[in-house]
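Undergrad: Provided herewith: start28.cif, mmCIF, C-alpha atoms.
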data_work
loop_
_atom_site.label_atom_id
_atom_site.label_comp_id
_atom_site.auth_asym_id
_atom_site.auth_seq_id
_atom_site.Cartn_x
_atom_site.Cartn_y
_atom_site.Cartn_z
CA MET A 145 46.75 -121.38 57.47
CA PRO A 146 47.31 -124.69 59.29
CA GLU A 147 47.69 -127.87 57.29
CA LYS A 148 44.53 -129.86 56.78
CA PRO A 149 44.81 -133.44 58.08
CA PHE A 150 43.08 -136.32 56.35
CA LEU A 151 40.01 -137.39 58.35
CA ALA A 152 37.19 -139.92 58.19
CA GLY A 153 33.69 -139.80 59.65
CA ARG A 154 31.52 -142.85 60.28
CA GLN A 155 30.48 -143.13 56.61
CA GLU A 156 34.04 -142.99 55.29
CA PHE A 157 35.28 -145.33 58.06
CA GLY A 158 32.63 -147.89 57.15
CA ALA A 159 33.24 -147.57 53.41
CA LEU A 160 36.96 -148.14 53.92
CA TYR A 161 36.18 -151.54 55.44
CA GLY A 162 33.16 -152.43 53.31
CA VAL A 163 30.62 -152.08 56.12
CA LYS A 164 27.72 -149.76 56.87
CA PRO A 165 28.27 -146.77 59.20
CA THR A 166 26.09 -148.56 61.76
CA GLN A 167 28.82 -151.21 62.05
CA VAL A 168 31.26 -148.47 63.10
CA THR A 169 28.77 -147.55 65.83
CA GLN A 170 28.70 -151.22 66.89
CA TRP A 171 32.51 -151.27 67.10
CA LEU A 172 32.26 -148.27 69.42
CA ARG A 173 29.62 -149.93 71.63
CA ARG A 174 31.63 -153.15 71.87
CA GLY A 175 34.85 -151.29 72.72
CA VAL A 176 36.64 -152.38 69.54
CA LEU A 177 36.90 -148.69 68.61
CA ASN A 178 37.01 -145.53 70.71
CA TYR A 179 37.35 -141.77 70.29
CA ASP A 180 41.04 -141.47 71.27
CA ARG A 181 42.06 -140.76 67.65
CA ALA A 182 39.01 -138.63 66.84
CA VAL A 183 37.78 -135.09 67.25
CA ILE A 184 34.16 -134.34 68.00
CA VAL A 185 32.63 -131.74 65.70
CA SER A 186 28.92 -130.88 65.81
CA GLY A 187 28.34 -133.94 67.95
CA SER A 188 29.96 -136.42 65.55
CA PRO A 189 33.36 -138.14 65.61
CA TYR A 190 35.97 -137.65 62.89
CA TRP A 191 38.98 -139.96 63.11
CA LEU A 192 42.47 -139.40 61.79
CA LEU A 193 42.68 -141.20 58.47
CA SER A 194 46.17 -142.40 59.43
CA PHE A 195 44.52 -144.29 62.31
CA VAL A 196 41.58 -145.53 60.23
CA ARG A 197 43.78 -147.03 57.52
CA GLY A 198 45.60 -149.14 60.12
CA PHE A 199 42.53 -150.00 62.20
CA GLY A 200 41.79 -153.26 60.40
CA GLN A 201 45.10 -154.75 61.51
CA MET A 202 44.62 -153.69 65.16
CA THR A 203 41.53 -155.78 65.78
CA ALA A 204 41.21 -159.36 67.01
CA ARG A 205 39.71 -160.28 63.63
CA PRO A 206 41.73 -158.38 60.99
CA LYS A 207 39.73 -156.41 58.43
CA GLU A 208 40.81 -155.62 54.88
CA LEU A 209 41.11 -151.95 53.91
CA ASP A 210 39.63 -151.04 50.52
CA GLN A 211 42.50 -149.21 48.80
CA ALA A 212 40.27 -147.74 46.07
CA VAL A 213 38.02 -146.14 48.71
CA LEU A 214 41.12 -144.85 50.54
CA GLN A 215 42.32 -143.18 47.34
CA ARG A 216 38.90 -141.51 46.84
CA VAL A 217 38.77 -140.27 50.45
CA VAL A 218 42.28 -138.83 50.18
CA ALA A 219 41.61 -137.25 46.77
CA ALA A 220 38.46 -135.55 48.10
CA GLN A 221 40.49 -133.93 50.90
CA GLU A 222 43.61 -132.88 48.98
CA PRO A 223 45.75 -131.05 49.77
CA GLY A 224 46.16 -132.74 53.13
CA VAL A 225 48.60 -134.24 55.58
CA TRP A 226 48.78 -137.57 57.38
CA ALA A 227 48.51 -136.38 60.98
CA GLN A 228 49.36 -138.91 63.68
CA THR A 229 47.79 -137.26 66.75
CA VAL A 230 44.55 -135.38 67.37
CA GLU A 231 46.65 -132.49 68.68
CA GLU A 232 47.72 -131.90 65.07
CA ILE A 233 44.12 -131.27 63.98
CA PRO A 234 43.45 -127.54 63.75
CA PRO A 235 40.15 -126.23 65.16
CA LEU A 236 37.27 -127.64 63.09
CA LEU A 237 33.71 -126.39 63.01
CA GLY A 238 30.44 -127.87 61.89
CA LEU A 239 27.11 -126.04 61.79
CA GLN A 240 26.68 -126.17 65.57
CA GLU A 241 30.03 -124.51 66.25
CA VAL A 242 29.61 -122.00 63.41
CA THR A 243 26.23 -121.00 64.87
CA GLN A 244 27.97 -120.21 68.17
CA LEU A 245 30.98 -118.52 66.55
CA PHE A 246 28.81 -116.16 64.53
CA GLY A 247 26.16 -115.64 67.22
CA VAL A 248 23.37 -116.77 64.92
CA ALA A 249 20.07 -117.48 66.68
CA SER A 250 19.67 -121.08 65.54
CA GLN A 251 21.31 -123.88 63.66
CA GLN A 252 18.42 -123.73 61.16
CA SER A 253 19.26 -120.07 60.44
CA MET A 254 22.90 -121.02 59.95
CA ALA A 255 21.96 -123.91 57.66
CA ALA A 256 19.85 -121.49 55.57
CA MET A 257 22.82 -119.10 55.36
CA VAL A 258 25.01 -121.95 54.11
CA ARG A 259 22.47 -123.04 51.47
CA LYS A 260 21.37 -119.62 50.21
CA GLY A 261 24.16 -117.22 51.14
CA PRO A 262 25.63 -114.93 52.39
CA PHE A 263 27.65 -117.82 53.79
CA THR A 264 29.44 -118.68 50.58
CA VAL A 265 32.58 -120.18 52.08
CA PRO A 266 33.16 -123.64 50.64
CA ALA A 267 33.58 -126.28 53.33
CA ASP A 268 37.12 -127.53 53.88
CA TYR A 269 35.64 -131.02 54.30
CA GLN A 270 32.48 -132.89 53.35
CA LEU A 271 32.54 -135.87 55.69
CA SER A 272 29.71 -138.27 56.43
CA GLY A 273 27.33 -135.85 54.73
CA SER A 274 28.33 -132.84 56.83
CA PRO A 275 30.24 -129.70 55.91
CA LEU A 276 33.23 -128.88 58.14
CA TRP A 277 35.39 -125.77 58.14
CA LEU A 278 38.77 -124.90 59.57
CA LEU A 279 38.41 -122.01 62.02
CA ASP A 280 40.94 -119.95 60.06
CA THR A 281 38.97 -120.39 56.84
CA LEU A 282 35.91 -118.81 58.47
CA ILE A 283 37.79 -116.02 60.25
CA GLU A 284 39.50 -115.00 57.00
CA ALA A 285 36.21 -115.01 55.09
CA ALA A 286 34.13 -113.26 57.78
CA PRO A 287 34.53 -109.67 56.49
CA GLN A 288 33.36 -110.66 53.00
CA MET A 289 30.44 -112.65 54.40
CA GLN A 290 29.37 -109.79 56.67
CA ALA A 291 29.42 -107.40 53.72
CA LYS A 292 26.98 -109.69 51.88
CA SER A 293 24.70 -110.33 54.87
CA ARG A 294 21.55 -108.23 54.65
CA THR A 295 18.85 -110.16 56.48
CA LEU A 296 20.58 -112.00 59.31
CA PRO A 297 22.77 -109.92 61.62
CA TRP A 298 25.81 -111.66 63.07
CA ALA A 299 29.26 -110.98 64.43
CA ILE A 300 32.15 -113.15 65.52
CA ASN A 301 31.89 -114.12 69.18
CA THR A 302 35.50 -113.62 70.29
CA GLN A 303 35.05 -115.82 73.38
CA VAL A 304 33.89 -118.74 71.23
CA GLN A 305 36.70 -118.05 68.76
CA ALA A 306 39.30 -118.14 71.57
CA ALA A 307 37.84 -121.33 73.06
CA LEU A 308 37.89 -123.05 69.66
CA ARG A 309 41.44 -121.93 68.92
CA GLN A 310 42.66 -123.10 72.34
CA LYS A 311 40.72 -126.38 71.96
CA ARG A 312 38.73 -125.76 75.11
CA TYR A 313 35.33 -125.16 73.49
CA THR A 314 32.57 -126.92 75.45
CA GLY A 315 29.48 -125.45 73.78
CA PRO A 316 26.92 -127.07 71.47
CA GLY A 317 28.47 -129.71 69.25
CA SER A 318 31.49 -130.36 71.48
CA ALA A 319 30.20 -133.70 72.76
CA ILE A 320 28.36 -136.70 71.39
CA VAL A 321 24.78 -136.64 72.60
CA PRO A 322 23.16 -140.08 72.70
CA ARG A 323 20.10 -140.49 70.47
CA GLY A 324 17.50 -143.16 70.05
CA PRO A 325 17.65 -146.18 72.39
CA ALA A 326 21.03 -145.03 73.77
CA ALA A 327 19.46 -141.77 74.96
CA THR A 328 16.67 -143.64 76.73
CA LYS A 329 19.20 -145.84 78.58
CA ALA A 330 21.30 -142.80 79.60
CA ALA A 331 18.31 -140.89 81.02
#
What does the file become when written as structure tokens?
TA:
Amino acid sequence: MPEKPFLAGRQEFGALYGVKPTQVTQWLRRGVLNYDRAVIVSGSPYWLLSFVRGFGQMTARPKELDQAVLQRVVAAQEPGVWAQTVEEIPPLLGLQEVTQLFGVASQQSMAAMVRKGPFTVPADYQLSGSPLWLLDTLIEAAPQMQAKSRTLPWAINTQVQAALRQKRYTGPGSAIVPRGPAATKAA
């Protein structure tokens, strides 16, 4: 199984610098922050923690990193590695990608499977309130999950699996979709 890199979503990023997640969104809008050191999973960015911990010193107005929060974020993800490039991040899946991988009819059905079983695979990450899994974790657990599944038929979509593994997946969840006022401006 590939090594699990330390990551941070908007909530963790904000907490590390003592700001709300909405401030991270503002940094993105103003161009202070971008997605170069992030992966997009289920429509949300997850940055390399190695980048996040140095971010405060890269800005025009330096920001102080909260070391206690950093220790908690790292402890929650142990065992992990300090990856330096997004290429080192193994394929990650959120509910949108898992729905496609398992050919489940809807994200709501997948969410119900996660809450009530048969999907009993613990998430590799809980970031910004969302469960995330390494692709290999799900592939290894699939036979056991299928054996427990009685009400919702599913099977691994090998095309989606290959696209995820080769990091060329472009299905639901692979991009950030603007919401709220940003969606109105984009339309």
Undergrad: Give the answer as one residue: which of A:Ala299, A:Ala286, A:Ala307, A:Leu192 has the shortest atom-to-atom distance to Lys148 (chain A), using all atoms listed in the file?
TA: A:Leu192
Undergrad: Smallest atom-to-atom distance to Glu232 (chain A): which of A:Val168, A:Ala182, A:Leu276, A:Val176, using only C-alpha atoms?
TA: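 Residue with the minimum atom-to-atom distance to Glu232 (chain A): A:Ala182.
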Undergrad: What is the distance between CA of Ala212 (chain A) and CA of Tyr161 (chain A), in Å to one decimal?
TA: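 Those two atoms sit 10.9 Å apart.
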Undergrad: Kindly extract all protein, DNA and RNA residues lying within 12 Å of the coordinates (34.8, -145.1, 66.5) given in the file, considering all atoms listed in the file, and supply them as a PyMOL selection string.
TA: chain A and resi 152-158+165-184+188-193+195-196+199+320
Undergrad: Name the residues that the PyMOL selection byres ((chain A and resi 246) around 7) picks from the file above, as a PDB file with C-alpha atoms, in the coordinates of the input, using the file's chain letters and numbers.
TA:
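Final output, saved to selection-v9.pdb:
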ATOM      1  CA  VAL A 242      29.610-122.000  63.410  1.00  0.00           C
ATOM      2  CA  THR A 243      26.230-121.000  64.870  1.00  0.00           C
ATOM      3  CA  GLN A 244      27.970-120.210  68.170  1.00  0.00           C
ATOM      4  CA  LEU A 245      30.980-118.520  66.550  1.00  0.00           C
ATOM      5  CA  GLY A 247      26.160-115.640  67.220  1.00  0.00           C
ATOM      6  CA  VAL A 248      23.370-116.770  64.920  1.00  0.00           C
ATOM      7  CA  TRP A 298      25.810-111.660  63.070  1.00  0.00           C
ATOM      8  CA  ALA A 299      29.260-110.980  64.430  1.00  0.00           C
ATOM      9  CA  ILE A 300      32.150-113.150  65.520  1.00  0.00           C
ATOM     10  CA  ASN A 301      31.890-114.120  69.180  1.00  0.00           C
TER      11      ASN A 301
END
Undergrad: Check the smallest atom-to-atom distance from each of A:Ala159, A:Val265, A:Ala204, A:Leu151 to Ile283 (chain A) using all atoms listed in the file, then report the winner.
TA: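 Of A:Ala159, A:Val265, A:Ala204, A:Leu151, the one nearest Ile283 (chain A), counting all atoms listed in the file, is A:Val265.
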Undergrad: Could you list the residues chosen by the PyMOL selection byres ((chain A and resi 147) around 12) in this structure as number ranges by chain?
TA: A: 145-146, 148-150, 221-227, 232-236, 268, 278-281
Undergrad: Have a look at CA of Gln270 (chain A) and CA of Ser194 (chain A) and let me know their distance in Å, one decimal.
TA: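 One can read the CA of Gln270 (chain A) to CA of Ser194 (chain A) distance as 17.7 Å.
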Undergrad: Mind giving me the straight-line distance from CA of Gln240 (chain A) to CA of Lys164 (chain A) in Å, one decimal?
TA: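 Between CA of Gln240 (chain A) and CA of Lys164 (chain A) the gap works out to 25.2 Å.
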Undergrad: Of the candidates A:Glu241, A:Gly162, A:Val230, A:Pro206, which shows the shortest atom-to-atom distance to Ala319 (chain A), using all atoms listed in the file?
TA: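 Selected residue with least distance to Ala319 (chain A): A:Glu241.
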Undergrad: Would you mind telling me which residue in A:Gln310, A:Thr264, A:Gln215, A:Ala220 lies nearest to Lys292 (chain A) when using all atoms listed in the file?
TA: A:Thr264
Undergrad: Just say which residues the PyMOL selection byres ((chain A and resi 275) around 10) picks in this file, as a list in words.
TA: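 Evaluating the PyMOL selection byres ((chain A and resi 275) around 10) on these coordinates yields Leu237, Gly238, Leu239, Val258, Pro266, Ala267, Asp268, Tyr269, Gln270, Leu271, Ser272, Gly273, Ser274, Leu276 and Trp277 of chain A.
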